[in-house]
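Asks: Attaching a single structure in structure tokens format; questions to follow.
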Amino acid sequence: MPCRAISASIVPTTGGNMRAWWIIGVAGLAGSAPAAAQATGDGAALPSVVVTAQRRPELVQEVPFNVSILRGEALDVLAASGRDLRYLAARLPSLHVESDFGRSFPRFYLRGLGNTDFDLNAAQPVSVVYDEVVQESPLLKSFPLFDLQQVEVLRGPQGSLFGRNAPGGVVKFESARPVFKREAYVNAGYGKERLRNLDGAFNTPLGDSLALRVALQSQHRANRVFNDRPEAATTEFEGYHDNAARVQLLYQPSRAFSALLNGHGRRMGGRATLFRANILQKGSNALVPGFDYASLPTDGMNHQFFNTRGASLRLRWQVGTSGLSLHAISAWERARFYSRADVDAGYGSVAHPPMGPGRIASPSETADALPAHKQLTQELRLESDPAQHWRWLAGVYGFSEKIRIDSFSFDTFNGNRQNAYAWQRQDSRSAAAFGAVTWRAQPGLLLRGGLRYTRDRKDFFATRPQPAPGGQPIAGLTAQPRGNDLSWDLGATQTLTPDSHVYARVATGYRAPSIQGRILFGSSISVARAEQALSWEAGWKHDFAQRRQRLGLAFFRYTVDDMQLTAGSGTVNQNRLVNAARVRGQGVELEWLARPSSAWTASLGASYNATRIRDPGLFVIPCGNGCTVLDPRGTAPNNVFVDGNPLPRSPRWIANATLRYSQPWRGGELYAYTDWAYRGKYNFFIYEALEYKARPLLDGGLRLGYRDGRERYELAAFVRNVGNQLVAVNAIDFNNFTAVVNEPRTYGVQVKFAY
């Protein structure tokens, strides 16, 4: 069974340890292949790839921007270790994913554009669309990936067809739909730290026009980090229970009408992200000597839970014999969340000795909660006959979100009791009208254009009834930002040969005004103006070697005016929003997929992204812990200018590679699969400091397995993070040299049954 990864990427890394593991992983597989298999050249052609990047199915070669896809075995391999969707980081060019909340709050970055804000109403410039429904809340974006048809990554502004808050692009998840035949599978895994993964689906027709599909996932891991402090409130960390379900009912009495009802939910409990005090060396971004992943001495509490539920109804009518089709998508989402952690990440403090590890300037134990959340969306879209030379679509869209956020502080040295409380409420509404047209101007030439008008409004209120000791209550702070935008794009695709296409595109994108109102410690809110993005892109998509190899190449350049950025507040655990006058970015993406024979499949690629903040007057308050700041001092001793800095958490290099080899054995196949992802260094924050630069990370996986010839069962063993490389991936800068590290090596076995 050949690998079904459609695109991936890799670039050579520096450093002896990383290079050694790369050589071991790839050479180990290459060395196992008999010479005869390499010379047969009996591979089948690569399959055509159909995407819905422009809201209707079409071949990826005809899309005038860079689209990447993951599906099938590639997703199964990445999910084997029980990791959440952060496993997508660096698995496709220009894509990075990270979190300060662990499994519940992913932050996506495309071509360098992202948002480091940790507030629960943060607005991101990369939109996540799950089963045709936008997931606006950063918490909703974390819904688990299981029983998927495919993942599509749409780069560049996607404002015309996908709307606001997509100037960086869209990450699009599509579940496997019900079909009119009986089928099922179950996939079970067990591994290190009592890792248990179980997922599966059951599909059955309920008549000639009705089909049901039920998909379930259950993930569990025992605690693997321990605390031996006698005063510890929490002694074990990093365990979780994460269960999710999706039920779909398809009604399709004829080709002229279909209705797809989707109900889904998730219940997750466990530990929040582990902040670790003083694990970064002053004057360096290296972890301290003797760092022990399994040990965390702390005196605070740590726990997290997250529940979601939602439903959507997707209707499609064929209008007579005209070829027109009307689409209606109605959706409802709700979420509840609570996360508590010891943010000072150690025990004691200067005023409460003993303390450690290292110097703890002051205690900080906080929690954030989302006790109330509701999102409603509605879209109506009319599409023309896709077979015509002129194709068009037009529609309207409505969005409503109501949220309440609670923030708490606790007195660590008096029974971890609550000693401060603030809350905020935000009501958001958005309405849009959009349209797009495609014209086959001549054989081989497709011209495209899109337009969308959007109006946004937010009503925000925040209050602090219980201030921290020494503070003052705040009766209420309000904000009512408004925004409107006209987004557009123009693109062209030219067929050079049936297997070779070139394209060019210019497009705009828009992020609505944002509010940062977490006033647990600060006394003011900040509002960021709407941002506008303009992007140019050109590329080449080519199949060759009798369609056994596929190559994609993209060049791009963009500017963002009034880009929304998140800045810290020095020694205070508080964020604030700022607008950078302009940000520039440019880069290149390369993807290559090859199947030279039925035994071998490989993919390589790379992306390079250079971003720069262009605002001579923009300054921020840097770290409050004495870090080694590299930026020039600003107008006051406690601020620095950031003009010329790259965007935070924006790796310049992102890369990935896969290699799969298989041999027939006893009516089935034995296979070996390796995958490697590299991401380069990046700044943690808007300012630059020696300590707050993430080191490059090379994350590799190995998998050995057997699959029977009828694909009824499969047995495999896997290892993730083969080199057990640990680096800081996030940091907190207001108290001490606190950081978050990536997950260590894990391994296990997996068995899959299907019929």
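We label chains A, B, ... in the order they appear in the structure tokens, count residues from 1 in each chain, and number ligands from 1 in the order shown.
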Using only C-alpha atoms, which protein or nucleic acid residues come within 9 Å of Gln418 in chain A? Drop anything in the same chain fewer than 5 positions from it, and give the result as a PyMOL selection string.
Replies: chain A and resi 366+408-412
Asks: Selected residues, N, CA and C atoms, written as a compact mmCIF listing (two decimals), in the first residue's frame, please.
Replies:
# COMPACT_ATOMS: atom_id res chain seq x y z
N THR A 366 -2.05 31.25 38.57
CA THR A 366 -3.25 31.82 37.96
C THR A 366 -4.07 30.75 37.25
N PHE A 408 -8.32 34.26 37.35
CA PHE A 408 -8.13 34.11 38.80
C PHE A 408 -6.65 34.16 39.14
N SER A 409 -6.38 34.65 40.34
CA SER A 409 -5.04 34.54 40.92
C SER A 409 -5.18 33.87 42.28
N PHE A 410 -4.11 33.16 42.71
CA PHE A 410 -4.16 32.40 43.95
C PHE A 410 -2.95 32.70 44.83
N ASP A 411 -3.18 32.65 46.14
CA ASP A 411 -2.12 32.86 47.12
C ASP A 411 -1.46 31.51 47.41
N THR A 412 -0.32 31.29 46.79
CA THR A 412 0.35 30.00 46.89
C THR A 412 0.72 29.65 48.32
Asks: Neighbours of Arg595 in chain A within 8 Å (only C-alpha atoms; same-chain residues fewer than 2 positions away dropped), as a list in words?
Replies: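 Counting only the stated atoms, we get Gly43, Ala44, Ala45, Leu46, Arg548, Gln549, Leu593, Ser597, Ser598, Trp600, Thr601 and Ala602 of chain A.
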Asks: Restricting the output to N, CA and C atoms, write the selected residues as a compact mmCIF listing (two decimals), in the first residue's frame.
Replies:
# COMPACT_ATOMS: atom_id res chain seq x y z
N GLY A 43 6.51 1.23 -10.60
CA GLY A 43 5.58 2.00 -9.78
C GLY A 43 4.41 2.52 -10.59
N ALA A 44 3.26 2.66 -9.93
CA ALA A 44 2.08 3.22 -10.57
C ALA A 44 2.18 4.74 -10.54
N ALA A 45 1.44 5.39 -11.44
CA ALA A 45 1.44 6.84 -11.47
C ALA A 45 0.82 7.40 -10.19
N LEU A 46 1.28 8.57 -9.80
CA LEU A 46 0.71 9.24 -8.63
C LEU A 46 -0.74 9.61 -8.91
N ARG A 548 5.16 9.77 -12.09
CA ARG A 548 5.63 9.12 -10.88
C ARG A 548 6.34 10.08 -9.95
N GLN A 549 6.50 11.31 -10.39
CA GLN A 549 7.09 12.35 -9.56
C GLN A 549 6.27 13.63 -9.72
N LEU A 593 7.28 14.93 -4.53
CA LEU A 593 6.78 13.61 -4.17
C LEU A 593 7.14 12.65 -5.28
N SER A 597 8.92 3.22 -7.79
CA SER A 597 8.48 1.84 -7.97
C SER A 597 7.39 1.56 -6.96
N SER A 598 6.77 0.40 -7.07
CA SER A 598 5.72 0.05 -6.13
C SER A 598 6.24 -0.13 -4.72
N TRP A 600 8.74 1.85 -3.29
CA TRP A 600 9.30 3.06 -2.69
C TRP A 600 8.37 4.25 -2.89
N THR A 601 8.24 5.06 -1.86
CA THR A 601 7.61 6.38 -1.96
C THR A 601 8.42 7.33 -1.10
N ALA A 602 8.68 8.53 -1.63
CA ALA A 602 9.48 9.50 -0.89
C ALA A 602 8.93 10.90 -1.12
Asks: Which residues are near Tyr109 in chain A? Cut-off 8 Å, only C-alpha atoms, ignore same chain within fewer than 2 positions. Put them as number ranges by chain.
Replies: A: 94-97, 107, 111-115, 125-126, 168, 650
Asks: For those residues, write N, CA and C atoms to a file as a PDB file, in the first residue's frame.
Replies:
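Output saved as result_9.pdb:
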ATOM      1  N   SER A  94       6.126  26.032   5.484  1.00  0.00           N
ATOM      2  CA  SER A  94       5.643  27.308   6.026  1.00  0.00           C
ATOM      3  C   SER A  94       4.588  27.171   7.110  1.00  0.00           C
ATOM      4  N   LEU A  95       4.363  25.955   7.636  1.00  0.00           N
ATOM      5  CA  LEU A  95       3.353  25.752   8.671  1.00  0.00           C
ATOM      6  C   LEU A  95       4.022  25.479  10.012  1.00  0.00           C
ATOM      7  N   HIS A  96       3.668  26.299  11.016  1.00  0.00           N
ATOM      8  CA  HIS A  96       4.140  26.088  12.379  1.00  0.00           C
ATOM      9  C   HIS A  96       2.933  26.122  13.306  1.00  0.00           C
ATOM     10  N   VAL A  97       2.947  25.281  14.346  1.00  0.00           N
ATOM     11  CA  VAL A  97       1.860  25.211  15.322  1.00  0.00           C
ATOM     12  C   VAL A  97       2.481  25.083  16.706  1.00  0.00           C
ATOM     13  N   ARG A 107      -1.871  27.567  18.328  1.00  0.00           N
ATOM     14  CA  ARG A 107      -1.677  28.806  17.564  1.00  0.00           C
ATOM     15  C   ARG A 107      -0.984  28.434  16.257  1.00  0.00           C
ATOM     16  N   ARG A 111       3.539  31.118   6.709  1.00  0.00           N
ATOM     17  CA  ARG A 111       4.440  32.100   6.106  1.00  0.00           C
ATOM     18  C   ARG A 111       4.831  33.184   7.104  1.00  0.00           C
ATOM     19  N   GLY A 112       4.959  32.788   8.368  1.00  0.00           N
ATOM     20  CA  GLY A 112       5.391  33.711   9.410  1.00  0.00           C
ATOM     21  C   GLY A 112       4.282  34.451  10.105  1.00  0.00           C
ATOM     22  N   LEU A 113       3.073  34.446   9.562  1.00  0.00           N
ATOM     23  CA  LEU A 113       1.967  35.208  10.141  1.00  0.00           C
ATOM     24  C   LEU A 113       1.254  34.365  11.184  1.00  0.00           C
ATOM     25  N   GLY A 114       1.176  34.883  12.410  1.00  0.00           N
ATOM     26  CA  GLY A 114       0.518  34.206  13.513  1.00  0.00           C
ATOM     27  C   GLY A 114       0.303  35.172  14.653  1.00  0.00           C
ATOM     28  N   ASN A 115      -0.050  34.647  15.814  1.00  0.00           N
ATOM     29  CA  ASN A 115      -0.366  35.496  16.961  1.00  0.00           C
ATOM     30  C   ASN A 115       0.030  34.773  18.238  1.00  0.00           C
ATOM     31  N   PRO A 125      -4.465  35.278  12.666  1.00  0.00           N
ATOM     32  CA  PRO A 125      -4.498  35.571  11.227  1.00  0.00           C
ATOM     33  C   PRO A 125      -4.519  34.334  10.351  1.00  0.00           C
ATOM     34  N   VAL A 126      -4.536  33.143  10.958  1.00  0.00           N
ATOM     35  CA  VAL A 126      -4.688  31.898  10.214  1.00  0.00           C
ATOM     36  C   VAL A 126      -6.012  31.279  10.651  1.00  0.00           C
ATOM     37  N   GLY A 168      -3.204  35.232   6.733  1.00  0.00           N
ATOM     38  CA  GLY A 168      -2.104  34.279   6.610  1.00  0.00           C
ATOM     39  C   GLY A 168      -2.474  33.047   5.828  1.00  0.00           C
ATOM     40  N   SER A 650       8.254  32.682  14.306  1.00  0.00           N
ATOM     41  CA  SER A 650       8.179  32.536  12.854  1.00  0.00           C
ATOM     42  C   SER A 650       9.491  31.942  12.354  1.00  0.00           C
TER      43      SER A 650
END
Asks: Write out, as CSV, each residue of range 245-331 of chain A that has an atom at most 10 Å from range 667-690 of chain A, together with the closest pair of atoms and their distance in Å to one decimal, counting only C-alpha atoms, rows going by chain and rising number.
Replies:
residue,atom,partner,partner_atom,distance
A:Gln281,CA,A:Leu690,CA,9.6
A:Lys282,CA,A:Leu690,CA,8.2
A:Gly283,CA,A:Leu690,CA,5.8
A:Ser284,CA,A:Leu690,CA,5.6
A:Asn285,CA,A:Leu690,CA,6.2
A:Ala286,CA,A:Leu690,CA,9.7
Asks: Could you pull the residues within 10 Å of Phe162 in chain A, counting only C-alpha atoms, minus those fewer than 3 positions along the same chain, as a list in words?
Replies: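 Residues meeting the cut-off are Ala53, Gln54, Arg55, Ser127, Val128, Val129, Glu132, Val133, Val134, Pro157, Gln158, Gly159, Asn165, Ala166, Pro167, Gly169, Val170, Tyr397, Phe434, Arg452 and Gly509 of chain A.
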Asks: Can you work out which one of A:Thr478, A:Val186, A:Phe180, A:Asp228 has the shortest atom-to-atom distance to Leu212 in chain A, counting only C-alpha atoms?
Replies: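 Between A:Thr478, A:Val186, A:Phe180, A:Asp228, the residue approaching Leu212 in chain A most closely is A:Phe180.
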Asks: Ranking A:Pro363, A:Gly517, A:Pro473, A:Gly156 by minimum distance to Gln586 in chain A and counting only C-alpha atoms, which one comes first?
Replies: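 Nearest candidate to Gln586 in chain A out of A:Pro363, A:Gly517, A:Pro473, A:Gly156: A:Gly156.
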Asks: Between CA of Glu136 in chain A and CA of Asn579 in chain A, what is the distance, to one decimal in Å?
Replies: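 Going from CA of Glu136 in chain A over to CA of Asn579 in chain A covers 20.9 Å.
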Asks: Counting only C-alpha atoms, what is within 9 Å of Phe226 in chain A, bar same-chain residues fewer than 3 positions away, as a PyMOL selection string?
Replies: chain A and resi 223+234-237+294-297
Asks: For the selection you just gave me, I'd like the residues written to a file as an mmCIF file, in the first residue's frame, keeping C-alpha atoms.
Replies:
data_model
loop_
_atom_site.group_PDB
_atom_site.id
_atom_site.type_symbol
_atom_site.label_atom_id
_atom_site.label_comp_id
_atom_site.auth_asym_id
_atom_site.auth_seq_id
_atom_site.Cartn_x
_atom_site.Cartn_y
_atom_site.Cartn_z
ATOM 1 C CA ASN A 223 1.545 11.279 34.344
ATOM 2 C CA THR A 234 0.106 18.860 42.631
ATOM 3 C CA THR A 235 2.650 16.056 42.543
ATOM 4 C CA GLU A 236 2.184 14.467 39.087
ATOM 5 C CA PHE A 237 1.935 16.111 35.686
ATOM 6 C CA ALA A 294 10.743 13.982 34.551
ATOM 7 C CA SER A 295 11.269 16.374 37.488
ATOM 8 C CA LEU A 296 9.347 19.576 38.276
ATOM 9 C CA PRO A 297 9.759 21.069 41.769
#
Asks: How many Å lie between CA of Ala345 in chain A and CA of Leu88 in chain A, rounded to one decimal?
Replies: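 If I compute the distance from CA of Ala345 in chain A to CA of Leu88 in chain A, I get 27.5 Å.
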Asks: List every residue of range 65-248 of chain A that DSSP, applied to the backbone, labels as alpha helix (DSSP H), and write the result as a list in words.
Replies: Glu73, Ala74, Leu75, Asp76, Val77, Leu78, Ala79, Gly159, Ser160, Leu161 and Phe162 of chain A
Asks: Hey, can you check how far CA of Phe306 in chain A sits from CA of Arg266 in chain A?
Replies: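 These two atoms are separated by 7.7 Å.
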Asks: Measuring atom to atom with only C-alpha atoms, identify which of A:Gln304, A:Thr377, A:Thr463, A:Ser607 is nearest to Trp423 in chain A.
Replies: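 Selected residue with least distance to Trp423 in chain A: A:Thr463.
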Asks: Could you pull the residues within 8 Å of range 66-83 of chain A, counting only C-alpha atoms, minus those fewer than 3 positions along the same chain, as a PyMOL selection string?
Replies: chain A and resi 3-7+53+60+63+86-88+92+148-155+189+191+195-197+219-220+539+554+703+718+720+746-748+750
Asks: May I have the selected residues written with N, CA and C atoms, as an mmCIF file, in the first residue's frame?
Replies:
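Written out: again-v2.cif:
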data_model
loop_
_atom_site.group_PDB
_atom_site.id
_atom_site.type_symbol
_atom_site.label_atom_id
_atom_site.label_comp_id
_atom_site.auth_asym_id
_atom_site.auth_seq_id
_atom_site.Cartn_x
_atom_site.Cartn_y
_atom_site.Cartn_z
ATOM 1 N N CYS A 3 2.396 5.067 0.259
ATOM 2 C CA CYS A 3 2.152 6.203 1.151
ATOM 3 C C CYS A 3 1.217 7.189 0.477
ATOM 4 N N ARG A 4 0.300 7.788 1.264
ATOM 5 C CA ARG A 4 -0.669 8.703 0.681
ATOM 6 C C ARG A 4 -0.385 10.140 1.054
ATOM 7 N N ALA A 5 0.789 10.447 1.599
ATOM 8 C CA ALA A 5 1.139 11.834 1.852
ATOM 9 C C ALA A 5 1.313 12.538 0.518
ATOM 10 N N ILE A 6 0.619 13.621 0.331
ATOM 11 C CA ILE A 6 0.676 14.304 -0.956
ATOM 12 C C ILE A 6 1.824 15.302 -0.991
ATOM 13 N N SER A 7 2.166 15.907 0.153
ATOM 14 C CA SER A 7 3.255 16.867 0.158
ATOM 15 C C SER A 7 3.923 16.906 1.505
ATOM 16 N N ALA A 53 -10.141 23.979 -2.139
ATOM 17 C CA ALA A 53 -9.512 25.223 -1.708
ATOM 18 C C ALA A 53 -10.293 26.448 -2.154
ATOM 19 N N VAL A 60 -5.847 20.115 -7.981
ATOM 20 C CA VAL A 60 -4.949 21.041 -7.307
ATOM 21 C C VAL A 60 -4.090 21.810 -8.307
ATOM 22 N N VAL A 63 -5.479 25.315 -9.184
ATOM 23 C CA VAL A 63 -5.653 26.325 -8.136
ATOM 24 C C VAL A 63 -4.502 27.323 -8.220
ATOM 25 N N ARG A 86 -0.789 19.597 17.233
ATOM 26 C CA ARG A 86 0.515 20.251 17.076
ATOM 27 C C ARG A 86 1.492 19.379 16.312
ATOM 28 N N TYR A 87 1.154 18.105 16.121
ATOM 29 C CA TYR A 87 2.049 17.269 15.321
ATOM 30 C C TYR A 87 2.125 17.736 13.870
ATOM 31 N N LEU A 88 1.226 18.638 13.444
ATOM 32 C CA LEU A 88 1.295 19.181 12.095
ATOM 33 C C LEU A 88 2.431 20.176 11.921
ATOM 34 N N LEU A 92 4.450 20.443 6.851
ATOM 35 C CA LEU A 92 4.211 21.020 5.537
ATOM 36 C C LEU A 92 4.951 22.345 5.469
ATOM 37 N N LEU A 148 -10.401 11.428 9.277
ATOM 38 C CA LEU A 148 -10.385 12.548 8.336
ATOM 39 C C LEU A 148 -10.277 12.063 6.896
ATOM 40 N N GLN A 149 -10.911 12.810 6.010
ATOM 41 C CA GLN A 149 -10.706 12.612 4.579
ATOM 42 C C GLN A 149 -9.359 13.188 4.176
ATOM 43 N N GLN A 150 -9.098 14.443 4.558
ATOM 44 C CA GLN A 150 -7.813 15.047 4.282
ATOM 45 C C GLN A 150 -7.692 16.371 5.017
ATOM 46 N N VAL A 151 -6.443 16.857 5.096
ATOM 47 C CA VAL A 151 -6.109 18.174 5.617
ATOM 48 C C VAL A 151 -5.576 19.000 4.458
ATOM 49 N N GLU A 152 -6.123 20.188 4.274
ATOM 50 C CA GLU A 152 -5.644 21.102 3.237
ATOM 51 C C GLU A 152 -5.081 22.347 3.906
ATOM 52 N N VAL A 153 -3.901 22.759 3.483
ATOM 53 C CA VAL A 153 -3.291 23.996 3.957
ATOM 54 C C VAL A 153 -3.266 24.976 2.789
ATOM 55 N N LEU A 154 -4.037 26.056 2.911
ATOM 56 C CA LEU A 154 -4.189 27.070 1.867
ATOM 57 C C LEU A 154 -3.388 28.292 2.289
ATOM 58 N N ARG A 155 -2.308 28.561 1.591
ATOM 59 C CA ARG A 155 -1.416 29.641 1.997
ATOM 60 C C ARG A 155 -1.815 30.954 1.356
ATOM 61 N N GLY A 189 -3.693 1.540 20.021
ATOM 62 C CA GLY A 189 -2.264 1.638 20.275
ATOM 63 C C GLY A 189 -1.960 1.661 21.753
ATOM 64 N N GLY A 191 1.606 2.357 24.438
ATOM 65 C CA GLY A 191 3.003 2.748 24.424
ATOM 66 C C GLY A 191 3.524 3.234 25.754
ATOM 67 N N LEU A 195 0.592 4.962 27.520
ATOM 68 C CA LEU A 195 -0.105 5.616 26.430
ATOM 69 C C LEU A 195 -1.132 4.658 25.835
ATOM 70 N N ARG A 196 -2.385 5.113 25.736
ATOM 71 C CA ARG A 196 -3.444 4.307 25.134
ATOM 72 C C ARG A 196 -4.219 5.179 24.144
ATOM 73 N N ASN A 197 -4.233 4.733 22.911
ATOM 74 C CA ASN A 197 -4.970 5.427 21.864
ATOM 75 C C ASN A 197 -5.982 4.483 21.243
ATOM 76 N N GLN A 219 -8.057 9.019 23.887
ATOM 77 C CA GLN A 219 -6.613 9.069 24.111
ATOM 78 C C GLN A 219 -6.346 9.225 25.612
ATOM 79 N N HIS A 220 -5.320 8.537 26.066
ATOM 80 C CA HIS A 220 -4.971 8.561 27.489
ATOM 81 C C HIS A 220 -3.457 8.428 27.621
ATOM 82 N N GLY A 539 3.980 30.513 -9.119
ATOM 83 C CA GLY A 539 4.491 29.177 -8.887
ATOM 84 C C GLY A 539 4.360 28.274 -10.099
ATOM 85 N N ALA A 554 6.839 27.576 -5.301
ATOM 86 C CA ALA A 554 6.092 28.821 -5.114
ATOM 87 C C ALA A 554 7.013 29.910 -4.607
ATOM 88 N N ARG A 703 8.710 3.783 11.820
ATOM 89 C CA ARG A 703 7.579 2.879 11.944
ATOM 90 C C ARG A 703 7.855 1.620 11.119
ATOM 91 N N PHE A 718 6.231 1.750 16.563
ATOM 92 C CA PHE A 718 6.627 3.104 16.196
ATOM 93 C C PHE A 718 7.508 3.733 17.273
ATOM 94 N N ARG A 720 8.591 7.921 18.161
ATOM 95 C CA ARG A 720 8.491 9.339 17.833
ATOM 96 C C ARG A 720 9.583 10.112 18.573
ATOM 97 N N THR A 746 8.983 8.910 22.534
ATOM 98 C CA THR A 746 7.974 7.949 22.963
ATOM 99 C C THR A 746 7.930 6.821 21.942
ATOM 100 N N TYR A 747 7.373 5.698 22.335
ATOM 101 C CA TYR A 747 7.333 4.534 21.457
ATOM 102 C C TYR A 747 6.146 3.670 21.847
ATOM 103 N N GLY A 748 5.781 2.755 20.966
ATOM 104 C CA GLY A 748 4.655 1.882 21.251
ATOM 105 C C GLY A 748 4.341 0.971 20.085
ATOM 106 N N GLN A 750 0.897 -0.584 17.589
ATOM 107 C CA GLN A 750 -0.420 -0.195 17.090
ATOM 108 C C GLN A 750 -0.986 -1.328 16.262
#
Asks: Would you list, as JSON, numbers by chain, the residues of range 583-622 of chain A that end up in strand (DSSP E) under DSSP run on this structure's backbone?
Replies: {"A": [583, 584, 585, 586, 587, 588, 589, 590, 591, 592, 593, 594, 595, 596, 597, 600, 601, 602, 603, 604, 605, 606, 607, 608, 609, 610, 611, 612, 613, 614, 619, 620]}
Asks: Counting only C-alpha atoms, what are the residues of range 655-755 of chain A within 8 Å of range 568-578 of chain A, and for each of them which pair of atoms is the nearest and at what distance in Å, to one decimal? Sort the table by chain and rising number, as CSV.
Replies:
residue,atom,partner,partner_atom,distance
A:Asp733,CA,A:Gly570,CA,7.6
A:Phe734,CA,A:Thr571,CA,4.4
A:Asn735,CA,A:Thr571,CA,6.2
Asks: Using only N, CA and C atoms, please write the residues we just selected to a file, as a CSV table (one decimal), in the first residue's frame.
Replies:
chain,number,residue,atom,x,y,z
A,733,ASP,N,8.5,35.5,30.3
A,733,ASP,CA,9.7,36.4,30.5
A,733,ASP,C,9.5,37.4,31.7
A,734,PHE,N,8.4,37.4,32.4
A,734,PHE,CA,8.1,38.5,33.4
A,734,PHE,C,8.7,38.2,34.7
A,735,ASN,N,9.1,37.0,35.0
A,735,ASN,CA,9.5,36.6,36.4
A,735,ASN,C,10.9,36.0,36.4
Asks: What lies within 7 Å of Ala122 in chain A using only C-alpha atoms, ignoring chain neighbours under 4 positions off, as a list in words?
Replies: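 Non-adjacent residues within range: Asp117, Phe118 and Pro138 of chain A.
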Asks: Go through A:Trp390, A:Leu120, A:Leu324, A:Pro57 and flag the residue nearest Ser514 in chain A, using only C-alpha atoms for the distances.
Replies: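 The closest residue to Ser514 in chain A is A:Leu120.
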Asks: Quick one: of A:Phe460, A:Tyr240, A:Tyr347, A:Phe555, who's nearest to Ala479 in chain A, counting only C-alpha atoms?
Replies: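 Selected residue with least distance to Ala479 in chain A: A:Phe460.
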Asks: Check the smallest atom-to-atom distance from each of A:Lys693, A:Arg745, A:Arg404, A:Arg666 to Arg710 in chain A using only C-alpha atoms, then report the winner.
Replies: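 Closest to Arg710 in chain A, using only C-alpha atoms: A:Arg666.
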